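Source file: final_3.txt; contents: compact mmCIF, C-alpha atoms.
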```txt
# COMPACT_ATOMS: atom_id res chain seq x y z
CA MET A 1 -2.00 13.56 11.57
CA LYS A 2 -0.05 10.40 12.32
CA ARG A 3 -2.21 7.33 12.13
CA VAL A 4 -2.10 4.27 14.34
CA LEU A 5 -2.20 1.05 12.30
CA PRO A 6 -5.26 -0.81 13.57
CA PHE A 7 -4.41 -3.99 11.69
CA LEU A 8 -0.96 -4.19 13.20
CA ALA A 9 -2.02 -2.96 16.61
CA THR A 10 -4.72 -5.61 16.79
CA THR A 11 -3.03 -8.58 15.18
CA LEU A 12 0.28 -8.07 16.86
CA ALA A 13 -1.15 -7.54 20.33
CA VAL A 14 -0.34 -11.22 20.89
CA CYS A 15 2.83 -11.38 18.86
CA LEU A 16 5.45 -8.96 17.59
CA ALA A 17 3.54 -5.79 18.39
CA GLN A 18 5.97 -3.28 19.76
CA ALA A 19 3.89 -0.90 21.76
CA GLN A 20 5.11 1.20 24.66
CA GLU A 21 4.89 -1.60 27.16
CA VAL A 22 8.35 -1.88 28.67
CA ALA A 23 7.42 0.10 31.76
CA THR A 24 4.83 -2.49 32.77
CA SER A 25 7.14 -5.47 32.22
CA PRO A 26 8.85 -7.33 35.03
CA ALA A 27 11.87 -5.38 36.17
CA SER A 28 13.97 -8.54 36.25
CA VAL A 29 13.70 -9.07 32.51
CA ASP A 30 15.84 -7.07 30.15
CA TYR A 31 13.83 -5.97 27.13
CA GLU A 32 14.58 -3.48 24.40
CA GLU A 33 13.01 -0.07 24.03
CA LEU A 34 12.09 0.96 20.53
CA PRO A 35 14.60 3.48 19.18
CA GLU A 36 13.96 6.70 17.31
CA LEU A 37 15.93 6.05 14.15
CA LYS A 38 17.70 8.66 12.01
CA ALA A 39 16.83 8.94 8.35
CA SER A 40 20.41 9.75 7.40
CA GLU A 41 21.61 6.54 9.05
CA ILE A 42 19.03 4.08 7.70
CA LEU A 43 18.15 5.37 4.21
CA LYS A 44 20.15 5.17 1.02
CA PRO A 45 21.23 8.70 0.05
CA GLU A 46 19.07 8.76 -3.08
CA PHE A 47 15.97 8.33 -0.93
CA LEU A 48 16.97 10.72 1.83
CA LYS A 49 16.78 13.81 -0.35
CA GLY A 50 15.74 14.63 -3.89
CA PRO A 51 15.20 17.68 -6.11
CA HIS A 52 11.80 18.44 -4.55
CA TYR A 53 11.83 16.79 -1.11
CA THR A 54 13.76 15.98 2.05
CA VAL A 55 12.93 13.22 4.54
CA ARG A 56 13.01 14.56 8.09
CA GLU A 57 15.77 13.17 10.29
CA PRO A 58 13.71 11.71 13.19
CA VAL A 59 12.12 8.35 12.28
CA PRO A 60 10.06 6.94 15.16
CA THR A 61 9.21 3.27 14.86
CA ALA A 62 6.02 1.79 16.29
CA SER A 63 3.41 -0.82 15.41
CA GLY A 64 5.83 -2.43 13.02
CA ALA A 65 6.43 0.60 10.82
CA ASN A 66 9.05 3.30 10.48
CA HIS A 67 7.13 6.59 10.44
CA TYR A 68 8.50 9.15 8.01
CA ALA A 69 7.68 12.82 7.49
CA ILE A 70 8.63 14.27 4.10
CA ASP A 71 9.03 17.98 3.48
CA SER A 72 8.39 18.75 -0.18
CA ASP A 73 7.76 21.63 -2.54
CA TYR A 74 4.12 20.52 -2.50
CA GLY A 75 3.52 20.20 1.21
CA VAL A 76 4.34 17.73 3.98
CA PHE A 77 3.64 14.07 3.31
CA GLU A 78 3.62 11.22 5.80
CA ALA A 79 4.56 7.63 5.11
CA ASP A 80 3.76 4.74 7.41
CA GLY A 81 6.54 2.32 6.57
CA ASN A 82 9.38 1.77 4.14
CA GLU A 83 7.17 0.70 1.27
CA MET A 84 4.89 3.70 1.61
CA LEU A 85 7.96 5.95 1.70
CA LEU A 86 8.93 4.63 -1.74
CA GLN A 87 5.43 5.34 -3.00
CA ARG A 88 5.39 8.88 -1.64
CA ILE A 89 8.81 9.68 -3.13
CA LYS A 90 7.71 8.43 -6.52
CA GLU A 91 4.54 10.48 -6.25
CA ILE A 92 6.56 13.62 -5.48
CA TYR A 93 8.74 13.05 -8.55
CA LEU A 94 5.64 12.65 -10.71
CA ILE A 95 3.88 15.69 -9.25
CA ALA A 96 6.88 17.75 -10.33
CA LYS A 97 6.87 16.23 -13.81
CA LEU A 98 3.12 16.76 -14.25
CA LYS A 99 3.37 20.35 -13.10
CA ASP A 100 6.04 20.89 -15.77
CA VAL A 101 3.64 19.48 -18.37
CA SER A 102 0.88 21.84 -17.22
CA ARG A 103 3.13 24.80 -18.03
CA THR A 104 3.61 23.84 -21.68
CA ASP A 105 1.89 25.72 -24.51
CA GLN A 106 0.33 22.50 -25.81
CA PHE A 107 -1.31 21.82 -22.46
CA LYS A 108 -2.62 25.38 -22.13
CA GLU A 109 -4.04 25.26 -25.67
CA SER A 110 -5.78 21.98 -24.83
CA LEU A 111 -7.45 23.61 -21.84
CA VAL A 112 -8.73 26.39 -24.12
CA THR A 113 -10.13 23.76 -26.47
CA ALA A 114 -11.71 21.87 -23.58
CA ALA A 115 -13.39 25.05 -22.33
CA LYS A 116 -15.06 25.52 -25.72
CA ALA A 117 -16.18 21.93 -26.10
CA PRO A 118 -19.77 20.80 -25.50
CA LEU A 119 -18.40 18.76 -22.63
CA ASN A 120 -17.28 21.87 -20.77
CA ALA A 121 -19.89 21.28 -18.09
CA ALA A 122 -18.11 18.05 -17.29
CA LYS A 123 -15.09 19.85 -15.87
CA ASN A 124 -16.67 19.39 -12.45
CA VAL A 125 -15.93 15.73 -12.98
CA VAL A 126 -12.34 16.81 -12.50
CA LYS A 127 -13.00 18.98 -9.47
CA ASP A 128 -15.02 16.69 -7.25
CA PRO A 129 -12.64 13.72 -7.15
CA VAL A 130 -9.98 15.95 -5.60
CA ASN A 131 -12.24 16.74 -2.67
CA ALA A 132 -13.23 13.11 -2.39
CA VAL A 133 -9.63 11.99 -2.37
CA SER A 134 -8.76 14.57 0.28
CA SER A 135 -11.36 12.93 2.50
CA ALA A 136 -10.12 9.52 1.45
CA SER A 137 -6.77 10.13 3.11
CA LYS A 138 -8.70 9.78 6.36
CA GLY A 139 -9.89 6.31 5.39
CA LEU A 140 -13.12 7.24 3.61
CA MET A 141 -12.12 6.60 0.03
CA LYS A 142 -13.97 4.23 -2.18
CA PHE A 143 -13.82 4.61 -5.94
CA MET A 144 -17.45 3.82 -6.72
CA GLY A 145 -18.58 6.24 -4.07
CA ARG A 146 -16.35 8.90 -5.57
CA THR A 147 -17.73 8.25 -9.05
CA ALA A 148 -21.28 8.53 -7.75
CA GLN A 149 -20.47 11.83 -6.07
CA THR A 150 -18.74 13.03 -9.22
CA VAL A 151 -21.87 12.65 -11.30
CA LYS A 152 -24.20 13.77 -8.53
CA ASN A 153 -22.32 16.92 -7.55
CA VAL A 154 -21.90 18.57 -10.94
CA SER A 155 -22.66 22.24 -10.36
CA LYS A 156 -26.38 22.97 -10.47
CA GLY A 157 -25.57 26.21 -12.20
CA GLN A 158 -24.38 24.43 -15.32
CA ALA A 159 -26.89 24.25 -18.14
CA GLN A 160 -25.36 21.02 -19.43
CA LYS A 161 -25.59 17.67 -17.72
CA VAL A 162 -22.83 15.13 -17.55
CA SER A 163 -23.87 11.67 -18.59
CA THR A 164 -22.63 8.53 -16.92
CA ASP A 165 -20.82 7.68 -20.15
CA ASP A 166 -18.97 11.02 -19.96
CA ALA A 167 -17.91 10.34 -16.38
CA LEU A 168 -16.77 6.85 -17.25
CA GLY A 169 -14.88 8.15 -20.28
CA TYR A 170 -13.04 10.70 -18.17
CA ASN A 171 -12.23 8.15 -15.46
CA LYS A 172 -10.94 5.70 -18.07
CA THR A 173 -8.60 8.39 -19.40
CA LYS A 174 -7.38 9.19 -15.91
CA LYS A 175 -6.71 5.53 -15.13
CA LYS A 176 -4.67 5.12 -18.31
CA VAL A 177 -2.56 8.16 -17.42
CA ALA A 178 -1.91 6.89 -13.88
CA VAL A 179 -1.12 3.33 -14.93
CA SER A 180 1.22 4.54 -17.68
CA LEU A 181 3.14 6.39 -14.95
CA GLY A 182 3.22 3.31 -12.72
CA VAL A 183 1.16 4.76 -9.88
CA ASP A 184 -2.10 3.78 -8.24
CA PRO A 185 -5.03 5.54 -9.97
CA TYR A 186 -6.78 5.48 -6.60
CA THR A 187 -3.91 6.90 -4.55
CA THR A 188 -4.88 8.83 -1.44
CA ASN A 189 -2.28 11.49 -2.30
CA SER A 190 -4.61 14.43 -3.03
CA VAL A 191 -1.86 16.55 -4.62
CA LEU A 192 -1.04 13.85 -7.17
CA GLN A 193 -4.75 13.24 -7.75
CA LYS A 194 -5.16 16.91 -8.67
CA GLU A 195 -2.34 16.71 -11.23
CA LEU A 196 -3.76 13.50 -12.69
CA ASP A 197 -7.16 15.18 -12.90
CA ASP A 198 -5.75 18.12 -14.86
CA ILE A 199 -3.85 15.94 -17.35
CA ALA A 200 -6.86 13.65 -17.81
CA TRP A 201 -9.19 16.62 -18.36
CA ALA A 202 -6.90 18.19 -20.96
CA SER A 203 -6.52 14.83 -22.70
CA TRP A 204 -10.15 13.74 -22.61
CA ALA A 205 -11.86 17.03 -23.37
CA GLY A 206 -9.10 19.03 -25.02
CA GLY A 207 -7.23 16.56 -27.20
CA PHE A 208 -3.97 16.85 -25.28
CA THR A 209 -1.43 14.18 -26.23
CA PHE A 210 0.18 12.71 -23.14
CA SER A 211 3.12 10.30 -23.14
CA ALA A 212 4.65 8.77 -20.03
CA ALA A 213 7.73 7.94 -22.10
CA THR A 214 8.94 11.49 -21.50
CA PHE A 215 8.86 10.96 -17.72
CA PRO A 216 11.89 8.83 -16.89
CA ILE A 217 13.27 9.02 -13.35
CA SER A 218 17.00 8.55 -13.77
CA GLY A 219 19.67 7.01 -11.59
CA PRO A 220 19.45 4.44 -8.77
CA VAL A 221 16.27 5.99 -7.38
CA GLY A 222 14.58 5.58 -10.75
CA ALA A 223 15.37 1.88 -10.89
CA ALA A 224 14.01 1.34 -7.38
CA LEU A 225 10.87 3.40 -7.92
CA THR A 226 10.08 1.58 -11.15
CA MET A 227 9.35 -1.46 -9.00
CA THR A 228 6.86 0.30 -6.73
CA ASN A 229 3.09 0.46 -6.74
CA VAL A 230 1.61 -1.23 -9.80
CA SER A 231 2.91 -4.40 -11.46
CA SER A 232 2.48 -4.73 -15.22
CA ALA A 233 -0.10 -7.51 -14.95
CA ILE A 234 -2.24 -5.66 -12.43
CA GLY A 235 -1.64 -2.36 -14.21
CA GLU A 236 -3.17 -3.78 -17.37
CA MET A 237 -6.23 -4.88 -15.42
CA LEU A 238 -6.56 -1.48 -13.76
CA ALA A 239 -6.40 0.28 -17.10
CA LYS A 240 -9.00 -1.94 -18.76
CA LYS A 241 -11.39 -2.86 -15.95
CA SER A 242 -13.78 -0.72 -13.96
CA PRO A 243 -13.83 -1.01 -10.17
CA ALA A 244 -17.02 -3.05 -10.43
CA GLU A 245 -15.36 -5.43 -12.89
CA LEU A 246 -12.28 -5.73 -10.68
CA LYS A 247 -14.50 -6.50 -7.72
CA ALA A 248 -16.27 -9.25 -9.68
CA ILE A 249 -12.94 -10.79 -10.70
CA ASN A 250 -11.64 -10.61 -7.14
CA ARG A 251 -14.86 -12.11 -5.78
CA SER A 252 -14.59 -15.06 -8.14
CA THR A 253 -10.92 -15.59 -7.29
CA LEU A 254 -11.50 -15.47 -3.53
CA ARG A 255 -14.39 -17.90 -3.68
CA ALA A 256 -12.34 -20.26 -5.87
CA MET A 257 -9.57 -20.39 -3.26
CA GLY A 258 -12.06 -21.32 -0.53
CA THR A 259 -12.82 -17.98 1.12
CA SER A 260 -16.27 -17.97 2.65
CA ALA A 261 -18.97 -15.86 1.05
CA LYS A 262 -19.23 -13.77 4.23
CA ASP A 263 -15.51 -13.00 4.44
CA THR A 264 -15.35 -12.36 0.70
CA GLU A 265 -18.07 -9.71 0.83
CA ARG A 266 -16.68 -8.12 4.00
CA PHE A 267 -13.28 -7.83 2.36
CA LEU A 268 -14.60 -6.47 -0.93
CA SER A 269 -16.65 -3.83 0.88
CA ASN A 270 -13.77 -2.72 3.15
CA THR A 271 -12.93 0.80 1.99
CA ALA A 272 -9.41 0.63 3.46
CA PHE A 273 -8.53 -1.31 0.30
CA THR A 274 -8.51 0.77 -2.87
CA PRO A 275 -9.33 -1.24 -6.00
CA THR A 276 -5.57 -1.47 -6.56
CA TYR A 277 -4.72 -2.76 -3.08
CA GLN A 278 -7.70 -5.10 -3.20
CA THR A 279 -6.54 -6.58 -6.51
CA GLN A 280 -2.89 -6.82 -5.43
CA PHE A 281 -3.84 -8.68 -2.24
CA VAL A 282 -6.06 -11.13 -4.10
CA PHE A 283 -3.43 -11.55 -6.83
CA ASN A 284 -0.78 -12.42 -4.21
CA LEU A 285 -3.02 -14.94 -2.49
CA LYS A 286 -3.95 -16.50 -5.83
CA SER A 287 -0.25 -17.11 -6.49
CA LEU A 288 -0.21 -19.36 -3.39
CA SER A 289 -1.55 -22.22 -5.46
CA GLY A 290 -2.55 -25.22 -3.35
CA VAL A 291 -1.98 -23.46 -0.03
CA GLU A 292 -4.78 -24.23 2.41
CA ASN A 293 -6.68 -21.75 4.57
CA ARG A 294 -5.89 -18.59 2.58
CA GLY A 295 -9.40 -17.43 3.35
CA ALA A 296 -8.47 -17.00 7.01
CA PHE A 297 -6.05 -14.20 6.08
CA VAL A 298 -8.79 -12.60 3.98
CA GLY A 299 -11.13 -12.72 6.97
CA ALA A 300 -8.57 -11.04 9.23
CA ALA A 301 -7.85 -8.37 6.60
CA ALA A 302 -11.57 -7.64 6.31
CA GLU A 303 -12.07 -7.56 10.06
CA VAL A 304 -9.40 -5.18 11.26
CA SER A 305 -8.08 -3.10 8.34
CA SER A 306 -9.25 0.51 8.56
CA ASN A 307 -6.82 2.60 6.48
CA ASP A 308 -4.42 2.36 3.56
CA SER A 309 -1.49 1.56 5.85
CA ASP A 310 -3.31 -1.54 7.09
CA ALA A 311 -4.16 -2.51 3.52
CA LEU A 312 -0.53 -2.09 2.47
CA PHE A 313 0.54 -4.34 5.35
CA CYS A 314 -1.76 -7.06 4.01
CA VAL A 315 -0.55 -6.56 0.43
CA GLU A 316 3.14 -6.66 1.34
CA THR A 317 2.82 -9.56 3.79
CA SER A 318 0.96 -11.62 1.20
CA ALA A 319 3.73 -10.72 -1.30
CA LEU A 320 6.31 -12.14 1.13
CA MET A 321 4.25 -15.33 1.33
CA SER A 322 4.23 -15.53 -2.45
CA GLN A 323 8.00 -15.03 -2.48
CA LEU A 324 8.42 -17.92 -0.05
CA HIS A 325 6.05 -20.20 -1.93
CA LYS A 326 7.77 -19.65 -5.27
CA GLY A 327 11.25 -19.94 -3.74
CA ASP A 328 12.92 -22.33 -1.33
CA HIS A 329 9.99 -22.70 1.07
CA PRO A 330 6.82 -23.89 -0.72
CA LEU A 331 3.90 -23.50 1.63
CA ALA A 332 1.28 -26.03 2.66
CA ARG A 333 -1.17 -23.89 4.62
CA ILE A 334 -1.77 -20.68 6.54
CA ALA A 335 -2.50 -20.88 10.26
CA MET A 336 -3.78 -18.02 12.38
CA ILE A 337 -2.70 -16.78 15.79
CA GLU A 338 -5.52 -14.39 16.55
CA ASN A 339 -5.52 -12.18 13.44
CA LEU A 340 -1.91 -12.83 12.43
CA PRO A 341 -1.25 -15.26 9.57
CA ILE A 342 1.51 -17.82 10.11
CA CYS A 343 2.83 -19.97 7.28
CA ILE A 344 3.40 -23.72 7.52
CA ALA A 345 5.79 -24.92 4.83
CA LYS A 346 5.47 -28.31 3.15
CA ASP A 347 8.54 -29.50 5.04
CA GLY A 348 6.88 -28.56 8.35
CA THR A 349 8.81 -25.33 8.95
CA VAL A 350 6.76 -22.75 10.83
CA ILE A 351 7.34 -19.37 9.16
CA VAL A 352 6.57 -15.90 10.48
CA ALA A 353 6.50 -13.78 7.31
CA LEU A 354 5.71 -10.13 7.89
CA GLN A 355 6.07 -6.67 6.42
CA TRP A 356 7.98 -5.34 9.43
CA ASP A 357 10.31 -2.33 9.27
CA TYR A 358 12.11 -2.67 12.62
CA ALA A 359 11.67 -5.59 15.02
CA ALA A 360 13.04 -5.62 18.57
CA TRP A 361 12.93 -7.86 21.65
CA THR A 362 9.90 -6.79 23.69
CA PRO A 363 7.69 -8.58 26.22
CA MET A 364 5.08 -9.25 23.55
CA ALA A 365 7.72 -10.60 21.20
CA GLU A 366 8.69 -13.10 23.89
CA ARG A 367 5.07 -14.04 24.59
CA PHE A 368 4.42 -14.51 20.90
CA VAL A 369 7.40 -16.83 20.47
CA GLU A 370 6.32 -18.86 23.48
CA SER A 371 2.74 -19.06 22.20
CA LEU A 372 3.89 -20.05 18.72
CA GLN A 373 6.12 -22.83 19.95
CA ALA A 374 3.53 -24.07 22.43
CA GLN A 375 1.00 -24.53 19.63
CA ASN A 376 3.33 -26.47 17.35
CA ALA A 377 5.05 -29.78 17.77
CA PRO A 378 8.85 -29.60 17.85
CA SER A 379 9.67 -28.07 14.53
CA SER A 380 11.99 -25.73 12.72
CA TYR A 381 11.12 -22.04 12.69
CA LEU A 382 11.88 -19.21 10.31
CA ALA A 383 11.40 -15.47 10.83
CA PHE A 384 11.13 -13.91 7.36
CA LEU A 385 10.87 -10.14 7.71
CA SER A 386 10.95 -7.33 5.17
CA GLY A 387 12.94 -4.92 7.36
CA VAL A 388 15.55 -4.98 10.11
CA VAL A 389 15.80 -7.33 13.08
CA SER A 390 17.70 -5.90 16.05
CA PRO A 391 20.82 -7.83 17.15
CA ARG A 392 19.15 -8.63 20.46
CA LEU A 393 16.01 -10.03 18.83
CA ARG A 394 18.11 -12.10 16.45
CA GLN A 395 20.02 -13.54 19.40
CA GLU A 396 16.82 -14.38 21.30
CA LEU A 397 15.17 -15.97 18.28
CA GLU A 398 18.19 -18.04 17.35
CA SER A 399 18.47 -19.30 20.94
CA ARG A 400 14.88 -20.54 20.50
CA HIS A 401 15.67 -22.47 17.32
CA PHE A 402 14.59 -19.81 14.80
CA ARG A 403 16.45 -19.09 11.62
CA VAL A 404 16.23 -15.38 10.90
CA GLU A 405 16.12 -13.78 7.47
CA ASP A 406 15.60 -10.04 7.54
CA ARG A 407 15.83 -7.24 4.98
CA VAL A 408 14.17 -9.55 2.45
CA ALA A 409 12.39 -6.48 1.00
CA SER A 410 14.59 -3.68 2.29
CA GLY A 411 13.37 -1.06 -0.18
CA PRO A 412 14.93 2.32 0.70
CA LEU A 413 17.13 1.00 3.52
CA LYS A 414 20.92 0.97 3.32
```
Rewritten as structure tokens:
Amino acid sequence: MKRVLPFLATTLAVCLAQAQEVATSPASVDYEELPELKASEILKPEFLKGPHYTVREPVPTASGANHYAIDSDYGVFEADGNEMLLQRIKEIYLIAKLKDVSRTDQFKESLVTAAKAPLNAAKNVVKDPVNAVSSASKGLMKFMGRTAQTVKNVSKGQAQKVSTDDALGYNKTKKKVAVSLGVDPYTTNSVLQKELDDIAWASWAGGFTFSAATFPISGPVGAALTMTNVSSAIGEMLAKKSPAELKAINRSTLRAMGTSAKDTERFLSNTAFTPTYQTQFVFNLKSLSGVENRGAFVGAAAEVSSNDSDALFCVETSALMSQLHKGDHPLARIAMIENLPICIAKDGTVIVALQWDYAAWTPMAERFVESLQAQNAPSSYLAFLSGVVSPRLRQELESRHFRVEDRVASGPLK
């Protein structure tokens, strides 16, 4: 089921939100309608089709994201946005690789060993997370809740009991496997979660030797996918720290940058953010050293994010801010227009930095520009967008004294 992005729909209701609004606009004003893009026209060939998947041709764009449907050997996957498309493609590659591993004699022998081990009753630790993750794809996932259910729901018919230490040992193994592959251990992709579960079970209980070094993804797509999901610094934290420890680190970091206690706790308890997304978002904001009012973005993220697409928007937008701050536009503070963060550079430039796949000239785009310029003294303006700006929007922005930089994180786009 295609999801609406509550964060974007809410925050961009007064800015660049591109809803189906043209029909209610004044007839005398010429606005753009959002196009239905074609995958073959906008994607690099290596992302359009692979050994185990094909991206469907129609790509509707709404609420700031290109919406992709991916037919694969393992079912149909959806991706809300360019960045999520990269993640899903990488996950499909790894599902195929892991399934190949599960067919090897060594893996099968490890399962036999695991079945004979005293820890055999713990195999339900493997089963339950799959069901939990399946539910999580609807926005219900939270790692600690899943762990609690894992221990609680071990089959009553088993004579053996699984200790908390056993559950933690299994989960630690699974995290190491996922991080070594460069994917989110808490991904909402239930098919990949099942494969990770099987490898972790065979490794933890059956002595299976797993090496991600045998899993290279070759060619241009491999180089691009290597950059997705989990950075090395955050990956090391994910592998070594429990979700509770990550939460404590993130809490301390948020409070140190001036986020209120209320907004900090609301953000940390928002289940739209997996431990990985939560840590990435905090890590990005931490990199904005000396930038004032970062807590306001945290408060907005906590208030309106309700699924992983919203969380990814926050992660990628904060990454764009970090890119600006470390580059040619060091930032002074973050200002808010409703729930949308706007950057004010040290030189006074007002910067709209957004994860935005396709931006067009709509009535709300015009109202946002007018509102932005009304709230700021005469200044220079910069639109800094991850995806594509339509020629018409570029023209309108430049006529209003904006510099426009798009495709700053083009990902799979040509």
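At a cut-off of 12 Å from (11.6, -28.3, 1.3), the residue set is Leu324, His325, Lys326, Gly327, Asp328, His329, Pro330, Leu331, Ala332, Ile344, Ala345, Lys346, Asp347, Gly348, Thr349 and Ser380 of chain A (counting only C-alpha atoms).
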Residue contacts of region 281-291 of chain A (8 Å, only C-alpha atoms) excluding same-chain residues fewer than 3 positions away, as an NGL selection string: :A and (250 or 253-254 or 257 or 277-278 or 294 or 314-315 or 318-319 or 321-322 or 325 or 331-334)
Save the residues we just selected, C-alpha atoms, as a PDB file, keeping the file's coordinate frame?
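Output saved as result_0.pdb:
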```
ATOM      1  CA  ASN A 250     -11.640 -10.610  -7.140  1.00  0.00           C
ATOM      2  CA  THR A 253     -10.920 -15.590  -7.290  1.00  0.00           C
ATOM      3  CA  LEU A 254     -11.500 -15.470  -3.530  1.00  0.00           C
ATOM      4  CA  MET A 257      -9.570 -20.390  -3.260  1.00  0.00           C
ATOM      5  CA  TYR A 277      -4.720  -2.760  -3.080  1.00  0.00           C
ATOM      6  CA  GLN A 278      -7.700  -5.100  -3.200  1.00  0.00           C
ATOM      7  CA  ARG A 294      -5.890 -18.590   2.580  1.00  0.00           C
ATOM      8  CA  CYS A 314      -1.760  -7.060   4.010  1.00  0.00           C
ATOM      9  CA  VAL A 315      -0.550  -6.560   0.430  1.00  0.00           C
ATOM     10  CA  SER A 318       0.960 -11.620   1.200  1.00  0.00           C
ATOM     11  CA  ALA A 319       3.730 -10.720  -1.300  1.00  0.00           C
ATOM     12  CA  MET A 321       4.250 -15.330   1.330  1.00  0.00           C
ATOM     13  CA  SER A 322       4.230 -15.530  -2.450  1.00  0.00           C
ATOM     14  CA  HIS A 325       6.050 -20.200  -1.930  1.00  0.00           C
ATOM     15  CA  LEU A 331       3.900 -23.500   1.630  1.00  0.00           C
ATOM     16  CA  ALA A 332       1.280 -26.030   2.660  1.00  0.00           C
ATOM     17  CA  ARG A 333      -1.170 -23.890   4.620  1.00  0.00           C
ATOM     18  CA  ILE A 334      -1.770 -20.680   6.540  1.00  0.00           C
TER      19      ILE A 334
END
```
Separation of CA of Ser72 (chain A) from CA of Thr187 (chain A), in Å and rounded to one decimal: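 Going from CA of Ser72 (chain A) over to CA of Thr187 (chain A) covers 17.6 Å.
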Pick from A:Ala365, A:Leu413, A:Ala377, A:Leu196 nearest to Phe47 (chain A), counting all atoms listed in the file: A:Leu413
Two-atom distance - CA of His401 (chain A), CA of Gln375 (chain A) (Å):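 These atoms are spaced 15.0 Å apart.
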Separation of CA of Gly81 (chain A) from CA of Ala39 (chain A) in Å: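 Between CA of Ala39 (chain A) and CA of Gly81 (chain A) the gap works out to 12.4 Å.
Among the candidates A:Ser63, A:Asn376, A:Thr188, A:Ser371, the residue lying nearest to Val350 (chain A) is A:Asn376 (atoms considered: only C-alpha atoms).
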Residue nearest Ser386 (chain A) - candidates A:Asn82, A:Arg367, A:Thr276, A:Ala96, atoms counted: only C-alpha atoms: A:Asn82
Close residues, Ser410 (chain A) itself excluded, 10 Å, all atoms listed in the file, min 6 positions apart in chain, as a list in words: Leu43, Asn82, Glu83, Gln355, Trp356, Asp357, Leu385, Ser386, Gly387 and Val388 of chain A
Counting all atoms listed in the file, the option among A:Ile342, A:Val179, A:Ala360, A:Ile351 closest to Arg403 (chain A): A:Ile351
Given all atoms listed in the file as the counted atoms, nearest of A:Leu181, A:Tyr186, A:Asp198, A:Tyr74 to Arg103 (chain A):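 When distances to Arg103 (chain A) are compared using all atoms listed in the file, the smallest one comes from A:Asp198.
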Point (18.3, -15.4, 16.6), cut-off 12 Å, counting all atoms listed in the file, residues as a PyMOL selection string: chain A and resi 359-361+369+381-384+389-406
Axis-aligned box for all listed atoms of region 361-380 of chain A, 6 Å per side, centre and edges in Å to one decimal, as lines of an AutoDock Vina configuration file:
```
center_x = 7.0
center_y = -18.3
center_z = 19.5
size_x = 23.9
size_y = 35.0
size_z = 25.5
```
8 Å contact set for Leu268 (chain A), all atoms listed in the file, chain neighbours under 6 positions out, as number ranges by chain: A: 247, 251, 278, 302
Top pick for closest residue to Ala202 (chain A), considering A:Phe215, A:Phe267, A:Tyr170, A:Phe107 and counting all atoms listed in the file: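 Closest candidate: A:Phe107.
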